[in-house]
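So this block is coords-v6.tsv, TSV, C-alpha atoms:
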chain	number	residue	atom	x	y	z
A	1	LYS	CA	25.63	-14.40	20.25
A	2	GLU	CA	23.36	-15.24	17.35
A	3	GLU	CA	19.67	-14.80	18.08
A	4	LYS	CA	17.41	-17.81	17.68
A	5	THR	CA	14.64	-17.14	15.17
A	6	SER	CA	12.04	-19.07	13.26
A	7	LYS	CA	12.29	-16.73	10.28
A	8	ASN	CA	14.31	-17.33	7.13
A	9	GLN	CA	17.22	-14.91	7.43
A	10	ASN	CA	17.75	-14.63	3.67
A	11	GLU	CA	14.13	-13.65	2.92
A	12	ILE	CA	12.97	-10.04	2.61
A	13	LEU	CA	9.42	-8.82	1.96
A	14	LEU	CA	9.14	-5.37	0.37
A	15	VAL	CA	5.69	-3.92	1.08
A	16	SER	CA	4.57	-1.06	-1.14
A	17	THR	CA	1.69	0.20	-3.27
A	18	GLU	CA	3.63	0.23	-6.53
A	19	CYS	CA	6.50	-1.47	-8.30
A	20	TYR	CA	7.28	-1.60	-12.01
A	21	PRO	CA	6.29	-3.63	-14.05
A	22	PHE	CA	3.22	-4.50	-11.94
A	23	ILE	CA	1.86	-1.10	-10.88
A	24	LYS	CA	3.34	2.36	-11.24
A	25	MET	CA	2.35	5.90	-10.46
A	26	GLY	CA	5.75	7.58	-10.24
A	27	GLY	CA	9.33	7.26	-9.15
A	28	MET	CA	8.64	4.98	-6.21
A	29	GLY	CA	7.54	2.27	-8.63
A	30	ASP	CA	10.86	2.55	-10.46
A	31	ILE	CA	12.93	2.62	-7.26
A	32	ASN	CA	11.25	-0.48	-5.84
A	33	HIS	CA	11.96	-2.30	-9.10
A	34	ASP	CA	15.58	-1.14	-9.33
A	35	LEU	CA	16.30	-1.85	-5.66
A	36	THR	CA	14.95	-5.39	-5.99
A	37	LYS	CA	16.94	-6.06	-9.16
A	38	LYS	CA	20.15	-4.64	-7.65
A	39	LEU	CA	19.84	-6.74	-4.50
A	40	GLN	CA	19.23	-9.82	-6.63
A	41	GLU	CA	22.37	-9.01	-8.60
A	42	THR	CA	24.69	-8.14	-5.71
A	43	HIS	CA	23.29	-10.58	-3.11
A	44	PRO	CA	22.08	-13.68	-4.97
A	45	GLU	CA	21.70	-15.49	-1.65
A	46	LEU	CA	18.76	-13.23	-0.79
A	47	LYS	CA	15.18	-14.10	-1.67
A	48	ILE	CA	13.13	-10.96	-2.18
A	49	LYS	CA	9.40	-10.80	-2.80
A	50	LEU	CA	7.03	-7.87	-2.96
A	51	LEU	CA	3.58	-7.30	-1.53
A	52	LEU	CA	1.25	-5.11	-3.59
A	53	PRO	CA	-2.47	-4.23	-3.70
A	54	TYR	CA	-4.45	-5.36	-6.75
A	55	PHE	CA	-5.06	-1.99	-8.35
A	56	LYS	CA	-7.02	-2.43	-11.57
A	57	GLU	CA	-6.40	-0.75	-14.94
A	58	LYS	CA	-9.11	1.82	-14.23
A	59	CYS	CA	-7.41	3.06	-11.08
A	60	GLY	CA	-5.76	6.47	-10.84
A	61	TYR	CA	-2.28	5.05	-11.24
A	62	SER	CA	-0.28	5.76	-14.39
A	63	PHE	CA	-0.68	2.11	-15.19
A	64	SER	CA	-1.53	-1.23	-13.66
A	65	ASN	CA	-0.52	-4.31	-15.62
A	66	LEU	CA	-1.98	-6.80	-13.15
A	67	ASP	CA	-5.19	-7.37	-15.14
A	68	SER	CA	-3.16	-8.58	-18.12
A	69	MET	CA	-0.74	-10.74	-16.12
A	70	ASN	CA	-1.06	-14.43	-15.41
A	71	LEU	CA	-1.88	-14.31	-11.71
A	72	THR	CA	-1.82	-17.52	-9.68
A	73	PRO	CA	-4.59	-17.60	-7.05
A	74	LEU	CA	-3.42	-18.94	-3.70
A	75	ALA	CA	-5.73	-20.92	-1.46
A	76	ILE	CA	-5.68	-18.12	1.07
A	77	GLU	CA	-8.70	-15.97	1.92
A	78	PHE	CA	-9.32	-14.13	5.17
A	79	ASP	CA	-11.40	-11.38	6.74
A	80	VAL	CA	-9.97	-8.02	7.75
A	81	GLU	CA	-11.41	-5.40	10.08
A	82	SER	CA	-10.03	-1.92	9.51
A	83	GLY	CA	-11.59	1.14	11.08
A	84	MET	CA	-15.31	0.93	10.26
A	85	VAL	CA	-14.77	-1.50	7.35
A	86	ASP	CA	-15.02	-5.29	7.35
A	87	THR	CA	-13.86	-6.94	4.14
A	88	LYS	CA	-12.58	-10.17	2.64
A	89	VAL	CA	-9.08	-10.48	1.18
A	90	LYS	CA	-7.88	-12.81	-1.59
A	91	VAL	CA	-4.23	-13.50	-2.38
A	92	TYR	CA	-2.51	-14.03	-5.72
A	93	LEU	CA	1.07	-14.60	-6.82
A	94	ALA	CA	2.54	-12.74	-9.80
A	95	LYS	CA	5.91	-12.96	-11.51
A	96	GLU	CA	7.41	-10.57	-14.06
A	97	ASP	CA	10.98	-9.60	-14.92
A	98	ASN	CA	12.17	-12.26	-12.47
A	99	ILE	CA	10.40	-10.43	-9.62
A	100	GLU	CA	7.75	-12.25	-7.60
A	101	ALA	CA	4.95	-10.46	-5.80
A	102	PHE	CA	2.12	-11.41	-3.51
A	103	ILE	CA	-0.99	-9.49	-4.60
A	104	LEU	CA	-3.76	-8.60	-2.15
A	105	ASP	CA	-7.24	-8.11	-3.58
A	106	PHE	CA	-10.31	-6.80	-1.76
A	107	PRO	CA	-13.61	-5.23	-2.96
A	108	GLU	CA	-12.73	-1.68	-1.87
A	109	LEU	CA	-10.04	-1.53	-4.59
A	110	ASP	CA	-12.87	-1.70	-7.17
A	111	ALA	CA	-15.07	0.98	-5.63
A	112	LYS	CA	-15.66	3.98	-7.89
A	113	ASP	CA	-15.46	6.31	-4.89
A	114	ALA	CA	-12.56	4.43	-3.30
A	115	LYS	CA	-10.88	6.46	-0.57
A	116	SER	CA	-7.10	6.20	-0.34
A	117	ASP	CA	-7.10	6.27	3.46
A	118	VAL	CA	-9.63	3.40	3.57
A	119	ILE	CA	-7.61	1.33	1.09
A	120	VAL	CA	-4.36	1.97	2.95
A	121	GLY	CA	-5.95	0.99	6.26
A	122	ILE	CA	-7.27	-2.28	4.87
A	123	TYR	CA	-4.01	-2.98	3.04
A	124	ASN	CA	-1.81	-2.55	6.13
A	125	ASN	CA	-4.08	-4.67	8.32
A	126	ALA	CA	-4.30	-7.32	5.58
A	127	ALA	CA	-0.50	-7.36	5.20
A	128	TYR	CA	-0.17	-7.93	8.94
A	129	LYS	CA	-2.62	-10.86	8.91
A	130	LEU	CA	-1.07	-12.32	5.76
A	131	LEU	CA	2.42	-12.94	7.15
A	132	PRO	CA	1.67	-16.04	9.26
A	133	LYS	CA	-0.63	-17.39	6.54
A	134	ILE	CA	2.20	-17.54	3.96
A	135	LYS	CA	4.98	-18.74	6.26
A	136	HIS	CA	5.03	-22.11	4.47
A	137	LEU	CA	5.75	-20.22	1.22
A	138	PHE	CA	7.74	-17.25	2.46
A	139	ASN	CA	8.78	-16.46	6.02
A	140	PRO	CA	10.85	-13.26	5.88
A	141	ALA	CA	13.14	-12.09	8.66
A	142	ILE	CA	12.91	-8.52	7.33
A	143	VAL	CA	9.85	-6.55	6.25
A	144	GLN	CA	10.57	-3.29	4.44
A	145	THR	CA	7.80	-0.73	3.95
A	146	THR	CA	7.69	2.46	1.91
A	147	ASP	CA	6.13	5.88	2.57
A	148	TRP	CA	3.06	6.54	4.73
A	149	MET	CA	1.02	4.03	2.73
A	150	GLY	CA	2.94	1.15	4.33
A	151	GLY	CA	4.21	2.67	7.55
A	152	TYR	CA	1.33	1.44	9.74
A	153	LEU	CA	2.46	-2.16	9.18
A	154	ASN	CA	5.64	-1.42	11.15
A	155	TYR	CA	3.56	-0.35	14.13
A	156	LEU	CA	1.34	-3.44	13.89
A	157	ILE	CA	4.34	-5.76	13.84
A	158	LYS	CA	6.27	-4.04	16.62
A	159	SER	CA	3.28	-3.65	18.95
A	160	SER	CA	1.99	-7.20	18.41
A	161	LYS	CA	1.86	-9.51	21.42
A	162	GLU	CA	1.81	-12.59	19.17
A	163	LYS	CA	5.03	-14.59	19.25
A	164	PHE	CA	5.11	-15.01	15.45
A	165	TYR	CA	5.92	-11.32	14.91
A	166	SER	CA	8.51	-10.98	17.68
A	167	ASP	CA	11.54	-11.83	15.54
A	168	ILE	CA	10.61	-9.83	12.44
A	169	LYS	CA	12.87	-6.84	11.81
A	170	THR	CA	11.31	-3.86	10.05
A	171	LEU	CA	12.74	-1.12	7.87
A	172	HIS	CA	10.80	1.92	6.69
A	173	THR	CA	11.93	4.04	3.75
A	174	ILE	CA	10.54	7.43	2.73
A	175	HIS	CA	10.49	8.11	-0.98
A	176	ASN	CA	9.29	11.73	-0.83
A	177	ALA	CA	8.57	13.89	2.20
A	178	GLY	CA	6.60	17.09	2.54
A	179	VAL	CA	3.19	18.47	1.62
A	180	LYS	CA	4.28	19.10	-1.99
A	181	TYR	CA	4.39	15.35	-2.64
A	182	GLN	CA	2.39	13.60	0.06
A	183	GLY	CA	-0.10	16.22	1.16
A	184	LEU	CA	-1.45	16.30	4.69
A	185	LEU	CA	-5.08	15.34	4.34
A	186	LEU	CA	-4.76	11.58	3.88
A	187	PRO	CA	-2.06	10.94	6.51
A	188	ILE	CA	-3.99	12.95	9.11
A	189	LYS	CA	-7.28	11.22	8.25
A	190	PHE	CA	-5.45	7.91	8.43
A	191	LEU	CA	-4.14	8.72	11.93
A	192	ILE	CA	-7.68	9.41	13.10
A	193	ALA	CA	-9.32	6.42	11.44
A	194	TYR	CA	-6.79	3.67	12.08
A	195	LEU	CA	-4.82	4.72	15.15
A	196	ASN	CA	-6.51	5.59	18.40
A	197	LYS	CA	-6.52	9.23	19.41
A	198	GLU	CA	-3.90	8.73	22.11
A	199	ILE	CA	-1.31	7.35	19.65
A	200	ALA	CA	-2.14	9.97	17.02
A	201	ASN	CA	-1.69	12.74	19.58
A	202	GLU	CA	1.61	11.27	20.71
A	203	ILE	CA	2.90	11.57	17.14
A	204	LEU	CA	1.53	15.08	16.60
A	205	ASN	CA	2.60	16.35	20.03
A	206	TYR	CA	6.25	16.48	19.02
A	207	LYS	CA	6.89	20.23	18.99
A	208	ASN	CA	8.57	20.34	15.59
A	209	VAL	CA	5.78	18.26	14.01
A	210	ARG	CA	3.03	20.50	15.36
A	211	GLU	CA	4.83	23.68	14.34
A	212	TYR	CA	5.47	22.31	10.85
A	213	ILE	CA	1.83	21.33	10.30
A	214	ASP	CA	0.49	24.60	11.74
A	215	GLU	CA	2.74	26.57	9.38
A	216	LEU	CA	1.64	24.52	6.37
A	217	LEU	CA	-2.05	24.91	7.20
A	218	GLU	CA	-1.61	28.68	7.45
A	219	LYS	CA	0.39	29.06	4.22
A	220	ASN	CA	-1.45	26.62	1.96
A	221	GLN	CA	-4.91	27.92	1.16
A	222	ASP	CA	-5.58	25.01	-1.17
A	223	ILE	CA	-5.49	22.48	1.67
A	224	GLN	CA	-9.05	21.25	2.18
A	225	SER	CA	-11.06	22.46	5.14
A	226	GLU	CA	-11.66	18.83	6.15
A	227	GLU	CA	-7.98	18.64	6.97
A	228	HIS	CA	-8.21	21.62	9.30
A	229	LEU	CA	-11.12	19.95	11.09
A	230	SER	CA	-9.24	16.65	11.36
A	231	TYR	CA	-6.18	18.32	12.83
A	232	LYS	CA	-8.27	20.40	15.25
A	233	PHE	CA	-9.96	17.19	16.40
A	234	LEU	CA	-6.59	15.74	17.33
A	235	LYS	CA	-5.51	18.91	19.09
A	236	ALA	CA	-8.70	19.16	21.18
A	237	ASP	CA	-7.85	17.42	24.44

What does the file become when written as structure tokens?
Amino acid sequence: KEEKTSKNQNEILLVSTECYPFIKMGGMGDINHDLTKKLQETHPELKIKLLLPYFKEKCGYSFSNLDSMNLTPLAIEFDVESGMVDTKVKVYLAKEDNIEAFILDFPELDAKDAKSDVIVGIYNNAAYKLLPKIKHLFNPAIVQTTDWMGGYLNYLIKSSKEKFYSDIKTLHTIHNAGVKYQGLLLPIKFLIAYLNKEIANEILNYKNVREYIDELLEKNQDIQSEEHLSYKFLKAD
């Protein structure tokens, strides 16, 4: 029996922090581009759009072309509360290489001392609040997120009590796993700042997760002491 849904079944939103030719740091930017192009080629009935943060040229990414692109401002602005931060979000639409992307802009992306965990927290909360605001433009049945930078959005959607989110299916893909690529500091800080302690502990209480992190903290002397303190905070019950 086919489920009744208010979402457009042929629309997919890919939520990430990079995608060529808009923003790129590494391979994930290439993969997001190639995946989108391949789906457009093999499934022309699908409508795929991306959601990206407005990283500027001066950011730490290999490149950001957004400053030089013709961005269309949308009449959508809203406030976001994330952790200890309250900020205002603006929305733009960009198109390049036949790929369309919604672009989220907020002041913290311009900060010289911008913290990745703060930006990711705002970005995920902003993405969650954006979805009902763009339903007249794009109302996807599937939201796909990538790596830890977008994973919190899945939790927000699935735990929401609002009817709008109840028929959205989510898919999370991991580009690279392990401390060599992702590190531990930012994900652990993110768990503390943007999830409550009970949820963070539930994740870290899986035996294999705890053992893996303990082993990494013992073997990697270059991991910052702040990370040890963050992890000990979660373990102290």

*Which value, in Å to one decimal, gives the distance between atom CA of Ser166 of chain A and atom CA of Pro132 of chain A?*
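Atom-to-atom, atom CA of Ser166 of chain A to atom CA of Pro132 of chain A, that is 12.0 Å.
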
*What is the atom CA of Pro21 of chain A to atom CA of Leu66 of chain A distance in Å?*
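Going from atom CA of Pro21 of chain A over to atom CA of Leu66 of chain A covers 8.9 Å.
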
*Between A:Glu11, A:Asp105, A:Glu18, A:Glu96, single out the one closest to Thr146 of chain A, counting only C-alpha atoms.*
A:Glu18

_Would you pick out the contacts of Asn65 of chain A at 7 Å or less, using all atoms listed in the file, so that residues sharing its chain but fewer than 3 positions from it are not included, and give the list as a PyMOL selection string?_
chain A and resi 22-23+57+68-69

Take the residues just selected and output them with C-alpha atoms as a PDB file, in the coordinates of the input.
ATOM      1  CA  PHE A  22       3.220  -4.500 -11.940  1.00  0.00           C
ATOM      2  CA  ILE A  23       1.860  -1.100 -10.880  1.00  0.00           C
ATOM      3  CA  GLU A  57      -6.400  -0.750 -14.940  1.00  0.00           C
ATOM      4  CA  SER A  68      -3.160  -8.580 -18.120  1.00  0.00           C
ATOM      5  CA  MET A  69      -0.740 -10.740 -16.120  1.00  0.00           C
TER       6      MET A  69
END

*asked:* Using only C-alpha atoms, can you tell me which of A:Ala126, A:Ile31, A:Val143, A:Leu137 comes closest to Thr87 of chain A?
replied: A:Ala126

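Proximity ranking of A:Asn139, A:Lys56, A:Val15, A:Gln40 relative to Tyr152 of chain A places A:Val15 first, based on all atoms listed in the file.
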
*Would you list the contacts of Ile119 of chain A as a PyMOL selection string, taking every protein, DNA or RNA residue within 9 Å and counting all atoms listed in the file, but skipping same-chain residues closer than 6 positions in sequence?*
chain A and resi 53+108-109

Write out the residues from the selection above, keeping C-alpha atoms, as a PDB file, in the coordinates of the input.
ATOM      1  CA  PRO A  53      -2.470  -4.230  -3.700  1.00  0.00           C
ATOM      2  CA  GLU A 108     -12.730  -1.680  -1.870  1.00  0.00           C
ATOM      3  CA  LEU A 109     -10.040  -1.530  -4.590  1.00  0.00           C
TER       4      LEU A 109
END

*Point (14.1, -8.0, 8.7) neighbourhood (7 Å, only C-alpha atoms) written as a ChimeraX atom specification*: /A:12,140-143,168-170

*Could you work out how far atom CA of Ser116 of chain A lies from atom CA of Asp34 of chain A, giving the answer in Å with one decimal?*
25.5 Å

*Of the residues A:Ile134, A:Ile174, A:Leu50, A:Ala75, which is the one nearest to Ala94 of chain A, using all atoms listed in the file?*
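Counting all atoms listed in the file, the residue closest to Ala94 of chain A is A:Leu50.
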
*Would you kindly return, as a list of chain:residue names, each protein, DNA or RNA residue with an atom no farther than 12 Å from any atom of Leu39 of chain A, considering all atoms listed in the file and excluding same-chain residues fewer than 6 positions away?*
A:Asn10, A:Glu11, A:Ile12, A:Leu14, A:Ile31, A:Asn32, A:His33, A:Glu45, A:Leu46, A:Lys47, A:Ile48, A:Lys49, A:Ile99

*With all atoms listed in the file as the basis for distance, which of A:Ser159, A:Trp148, A:Ala101, A:Lys135 is at the shortest distance from Lys7 of chain A?*
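Comparing A:Ser159, A:Trp148, A:Ala101, A:Lys135 against Lys7 of chain A, the winner is A:Lys135.
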